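*Asks:* Sharing final.cif (mmCIF, C-alpha atoms) below.
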```cif
data_start
#
loop_
_atom_site.label_atom_id
_atom_site.label_comp_id
_atom_site.auth_asym_id
_atom_site.auth_seq_id
_atom_site.Cartn_x
_atom_site.Cartn_y
_atom_site.Cartn_z
CA MET A 261 -8.15 -137.37 -133.48
CA SER A 262 -10.27 -140.45 -133.77
CA LEU A 263 -13.64 -139.71 -135.29
CA PRO A 264 -16.14 -142.45 -135.81
CA GLY A 265 -17.90 -142.11 -139.13
CA LEU A 266 -21.30 -140.51 -139.03
CA ARG A 267 -23.91 -143.01 -140.11
CA PRO A 268 -24.96 -142.17 -143.65
CA ASP A 269 -28.29 -140.38 -143.93
CA THR A 270 -28.52 -139.37 -140.26
CA LEU A 271 -27.19 -135.83 -139.79
CA ARG A 272 -26.19 -132.83 -141.89
CA SER A 273 -22.58 -132.01 -140.95
CA LEU A 274 -20.50 -128.85 -140.77
CA VAL A 275 -16.76 -129.48 -140.41
CA VAL A 276 -15.03 -126.55 -138.72
CA ILE A 277 -11.27 -126.41 -139.30
CA SER A 278 -9.36 -124.02 -137.09
CA GLY A 279 -6.26 -123.67 -134.93
CA SER A 280 -8.45 -123.85 -131.80
CA ALA A 281 -11.89 -125.08 -130.78
CA GLU A 282 -13.17 -121.52 -130.40
CA LEU A 283 -14.67 -121.22 -133.90
CA ALA A 284 -16.50 -124.56 -133.67
CA VAL A 285 -17.79 -123.85 -130.16
CA GLY A 286 -19.08 -120.45 -131.27
CA LEU A 287 -20.89 -121.95 -134.26
CA ARG A 288 -22.27 -124.81 -132.16
CA ASP A 289 -23.80 -122.19 -129.86
CA ARG A 290 -25.32 -120.18 -132.73
CA LEU A 291 -26.64 -122.84 -135.10
CA PRO A 292 -29.79 -124.92 -134.52
CA ARG A 293 -28.77 -128.38 -133.32
CA GLU A 294 -31.71 -130.02 -135.05
CA MET A 295 -30.39 -128.74 -138.39
CA VAL A 296 -26.64 -129.43 -138.25
CA VAL A 297 -23.96 -131.21 -136.25
CA VAL A 298 -20.72 -129.24 -135.87
CA ILE A 299 -17.48 -131.23 -136.07
CA ASP A 300 -14.37 -129.53 -134.67
CA ALA A 301 -11.01 -130.31 -136.33
CA ARG A 302 -7.49 -128.94 -136.54
CA LEU A 303 -5.83 -128.44 -139.94
CA ASP A 304 -3.90 -131.72 -139.70
CA GLU A 305 -7.18 -133.54 -138.94
CA THR A 306 -9.02 -132.21 -141.98
CA GLU A 307 -9.07 -135.38 -144.07
CA GLU A 308 -10.16 -137.56 -141.15
CA ALA A 309 -12.94 -135.14 -140.18
CA VAL A 310 -14.19 -134.89 -143.77
CA ALA A 311 -14.05 -138.68 -144.20
CA ALA A 312 -16.22 -139.10 -141.08
CA CYS A 313 -19.06 -137.32 -142.90
CA ARG A 314 -20.96 -139.64 -145.17
CA PRO A 315 -21.33 -139.24 -148.03
CA PHE A 316 -19.56 -135.88 -147.50
CA PRO A 317 -19.96 -132.77 -145.33
CA TRP A 318 -22.76 -130.33 -146.05
CA ALA A 319 -20.24 -127.54 -145.44
CA ILE A 320 -16.70 -126.80 -144.29
CA ALA A 321 -15.94 -123.58 -142.42
CA THR A 322 -12.33 -122.65 -141.84
CA ASP A 323 -10.12 -119.82 -140.71
CA ALA A 324 -7.04 -121.75 -141.85
CA ARG A 325 -5.07 -121.46 -145.08
CA PRO A 326 -6.65 -122.82 -148.27
CA LEU A 327 -7.90 -126.37 -148.01
CA ALA A 328 -6.19 -129.25 -149.71
CA PRO A 329 -8.18 -130.38 -152.77
CA SER A 330 -8.65 -133.78 -151.11
CA ALA A 331 -10.72 -132.10 -148.36
CA ARG A 332 -13.36 -131.09 -150.90
CA ARG A 333 -15.24 -134.32 -151.47
CA GLY A 334 -18.51 -134.00 -153.30
CA PRO A 335 -20.53 -130.81 -153.62
CA THR A 336 -19.50 -129.44 -150.23
CA ILE A 337 -20.01 -125.76 -149.44
CA VAL A 338 -16.73 -124.14 -148.35
CA LEU A 339 -16.70 -120.99 -146.22
CA GLN A 340 -13.19 -119.68 -145.67
CA HIS A 341 -11.79 -116.69 -143.85
CA ALA A 342 -11.11 -114.00 -146.45
CA GLN A 343 -7.34 -114.05 -145.81
CA GLY A 344 -7.08 -117.58 -147.20
CA ALA A 345 -9.90 -117.54 -149.75
CA ALA A 346 -8.54 -115.14 -152.35
CA GLY A 347 -9.83 -116.18 -155.74
CA GLU A 348 -10.57 -119.80 -154.89
CA LEU A 349 -13.34 -121.30 -157.03
CA GLY A 350 -16.58 -121.99 -155.18
CA VAL A 351 -15.40 -120.59 -151.85
CA ILE A 352 -17.55 -118.23 -149.81
CA ALA A 353 -15.27 -115.72 -148.07
CA TRP A 354 -16.03 -114.32 -144.62
CA GLN A 355 -14.32 -111.61 -142.53
CA ARG A 356 -15.89 -111.74 -139.07
CA PHE A 357 -17.37 -114.54 -136.99
CA ALA A 358 -20.74 -112.78 -136.96
CA ASP A 359 -20.77 -112.79 -140.78
CA LEU A 360 -19.95 -116.51 -140.90
CA ALA A 361 -22.60 -117.44 -138.32
CA SER A 362 -25.20 -115.29 -140.05
CA ARG A 363 -24.43 -116.80 -143.46
CA LEU A 364 -24.68 -120.35 -142.09
CA GLN A 365 -27.99 -119.54 -140.35
CA HIS A 366 -29.31 -118.12 -143.61
CA MET A 367 -28.16 -121.21 -145.53
CA LEU A 368 -29.84 -123.55 -143.03
CA GLY A 369 -33.08 -121.58 -143.37
CA ALA A 370 -32.96 -121.14 -147.15
CA ASP A 371 -36.20 -121.58 -149.06
CA VAL A 372 -36.24 -122.03 -152.83
CA ASP A 373 -39.83 -121.94 -154.03
CA GLY A 374 -40.91 -124.13 -151.10
CA MET A 375 -37.85 -126.42 -151.08
CA ARG A 376 -36.00 -126.11 -147.78
CA LEU A 377 -33.62 -128.06 -145.60
CA ALA A 378 -35.42 -130.51 -143.34
CA PRO A 379 -34.35 -130.96 -139.72
CA GLY A 380 -31.51 -133.46 -139.46
CA LEU A 381 -30.99 -134.27 -143.11
CA GLY A 382 -32.52 -133.89 -146.53
CA VAL A 383 -34.64 -131.39 -148.39
CA GLU A 384 -38.35 -130.98 -147.80
CA LEU A 385 -40.25 -130.38 -151.02
CA PRO A 386 -43.31 -128.09 -151.26
CA GLY A 387 -45.75 -131.00 -150.79
CA GLY A 388 -43.92 -132.17 -147.66
CA GLU A 389 -42.01 -135.03 -149.30
CA LEU A 390 -38.47 -135.54 -147.99
CA VAL A 391 -35.61 -136.05 -150.47
CA ASN A 392 -32.30 -137.34 -149.09
CA SER A 393 -29.74 -135.78 -151.40
CA ALA A 394 -26.59 -134.17 -150.04
CA ALA A 395 -26.07 -132.33 -153.32
CA LEU A 396 -29.61 -130.93 -153.30
CA GLN A 397 -29.07 -129.73 -149.71
CA ALA A 398 -26.01 -127.78 -150.85
CA LEU A 399 -27.79 -126.33 -153.89
CA VAL A 400 -30.82 -125.16 -151.91
CA SER A 401 -28.55 -123.69 -149.21
CA VAL A 402 -26.58 -121.43 -151.55
CA HIS A 403 -29.25 -120.61 -154.16
CA PRO A 404 -29.02 -118.55 -156.38
CA ASP A 405 -25.27 -119.19 -156.19
CA GLY A 406 -23.90 -122.54 -157.25
CA VAL A 407 -21.81 -125.37 -155.89
CA THR A 408 -18.63 -126.88 -157.31
CA GLY A 409 -18.30 -130.61 -157.83
CA ARG A 410 -18.20 -133.30 -160.47
CA GLN A 411 -21.34 -133.67 -162.57
CA SER A 412 -21.69 -137.22 -161.27
CA ASP A 413 -22.04 -135.81 -157.73
CA PHE A 414 -25.31 -134.15 -158.77
CA ARG A 415 -27.02 -137.08 -160.54
CA ALA A 416 -29.22 -138.07 -157.59
CA ALA A 417 -30.31 -134.46 -157.07
CA ALA A 418 -31.16 -134.06 -160.76
CA ARG A 419 -33.10 -137.33 -160.76
CA ALA A 420 -35.00 -136.37 -157.58
CA LEU A 421 -36.18 -133.10 -159.13
CA ARG A 422 -37.02 -134.66 -162.49
CA THR A 423 -38.98 -137.65 -161.13
CA ARG A 424 -41.06 -135.41 -158.87
CA SER A 425 -42.00 -133.03 -161.70
CA SER A 426 -40.33 -130.16 -159.88
CA PRO A 427 -40.35 -126.78 -161.61
CA TRP A 428 -36.59 -126.72 -160.87
CA ARG A 429 -33.71 -128.43 -162.63
CA LEU A 430 -29.95 -128.41 -162.28
CA HIS A 431 -28.03 -126.12 -164.59
CA LEU A 432 -24.28 -126.36 -165.18
CA ASP A 433 -22.94 -122.82 -165.36
CA ARG A 434 -19.83 -123.50 -167.42
CA GLU A 435 -18.58 -119.92 -167.17
CA ALA A 436 -18.62 -119.95 -163.36
CA ALA A 437 -17.80 -123.70 -163.19
CA VAL A 438 -20.64 -124.38 -160.75
CA MET A 439 -23.90 -126.30 -160.70
CA ARG A 440 -26.99 -124.23 -159.88
CA LEU A 441 -30.70 -124.66 -159.36
CA ALA A 442 -32.66 -123.06 -162.21
CA PRO A 443 -36.35 -122.88 -163.07
CA VAL A 444 -37.29 -125.37 -165.80
CA SER A 445 -38.00 -122.56 -168.26
CA SER A 446 -34.46 -121.12 -168.01
CA SER A 447 -32.33 -124.27 -167.93
#
```
Render the structure in this file as structure tokens.

*Replies:*
Amino acid sequence: MSLPGLRPDTLRSLVVISGSAELAVGLRDRLPREMVVVIDARLDETEEAVAACRPFPWAIATDARPLAPSARRGPTIVLQHAQGAAGELGVIAWQRFADLASRLQHMLGADVDGMRLAPGLGVELPGGELVNSAALQALVSVHPDGVTGRQSDFRAAARALRTRSSPWRLHLDREAAVMRLAPVSSS
């Protein structure tokens, strides 16, 4: 596999890791093209596919065994077939293709108090302003759940919310070991 790197700040990416192209093709057919580009990869191509997404993938969907830790760069959402996802921190398990596609559609259309994913890349704020933050995209997509990652991965998202006087802040849920969006009054 020879993947050119996606230009930073151009497209939200979903890396699909599977033994065949079937899963990626199915998702490509079901997900809005203006919202996400689907990258098809085999298990042995995982690192190259993830590295092609800059700064990191919005999400990884896989029906393969658990991902190598090196595949999880940044606050990337991981959706894994339930057979391989048992007890893995920050992994969303799925059983059937329809469940996976539905969950991804829901995530792409998520709305948190007027914050929602913009077409292509970024988060549109209630006033229409666009914020390019991969971490904020992930947080809005899975709200009220959280996203795993290093605290440093979330700095730009935290700064974007704070400098725009958003009623939302980031909250580190130490018990669950995830970062979440929380209203200012409860963080």

*Asks:* Using only C-alpha atoms, I'd like a table of the residues in region 295-356 of chain A that come within 8 Å of region 390-396 of chain A; for each, show the closest atom pair and its distance in Å rounded to one decimal, ordered by chain and ascending number, as CSV.

*Replies:*
```
residue,atom,partner,partner_atom,distance
A:Pro315,CA,A:Ala394,CA,7.6
A:Phe316,CA,A:Ala394,CA,7.7
A:Trp318,CA,A:Ala394,CA,6.7
A:Gly334,CA,A:Ala395,CA,7.7
A:Pro335,CA,A:Ala395,CA,5.8
A:Thr336,CA,A:Ala395,CA,7.8
```

*Asks:* Taking into account all atoms listed in the file, which residue in the set A:Ala324, A:Leu432, A:Ala442, A:Val400 is nearest to Asp304 (chain A)?

*Replies:*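 When distances to Asp304 (chain A) are compared using all atoms listed in the file, the smallest one comes from A:Ala324.
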
*Asks:* Choose the residue, out of A:Thr408, A:Gln365, A:Ser426, A:Ser273, that has the smallest atom-to-atom separation from Glu389 (chain A); count all atoms listed in the file.

*Replies:*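 Result for the nearest residue to Glu389 (chain A): A:Ser426.
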
*Asks:* Report the distance between CA of Val407 (chain A) and CA of Val351 (chain A) in Å, rounded to one decimal place.

*Replies:*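 Going from CA of Val407 (chain A) over to CA of Val351 (chain A) covers 9.0 Å.
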
*Asks:* Quick one: apply the PyMOL selection byres ((chain A and resi 374) around 9) to the file and drop the selected residues here as a PyMOL selection string.

*Replies:* chain A and resi 371-373+375-376+384-387

*Asks:* Can you measure CA of Ala312 (chain A) to CA of Met439 (chain A) for me? One decimal in Å is fine.

*Replies:*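 The value is 24.7 Å.
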
*Asks:* Distance CA of Leu274 (chain A)-CA of Leu287 (chain A), one decimal place?

*Replies:*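 CA of Leu274 (chain A) sits 9.5 Å away from CA of Leu287 (chain A).
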
*Asks:* Need the axis-aligned box for region 362-376 of chain A with 3 Å each side, so what are the centre and edges in Å to one decimal, as JSON?

*Replies:*
```
{"center_x": -32.7, "center_y": -120.9, "center_z": -147.0, "size_x": 22.5, "size_y": 17.1, "size_z": 20.0}
```

*Asks:* Take the point (-25.6, -122.9, -161.9) as written in the file and pick out every residue within 12 Å of it, counting all atoms listed in the file; give the list as a ChimeraX atom specification.

*Replies:* /A:350,399-400,402-409,411,414,428-443,446-447
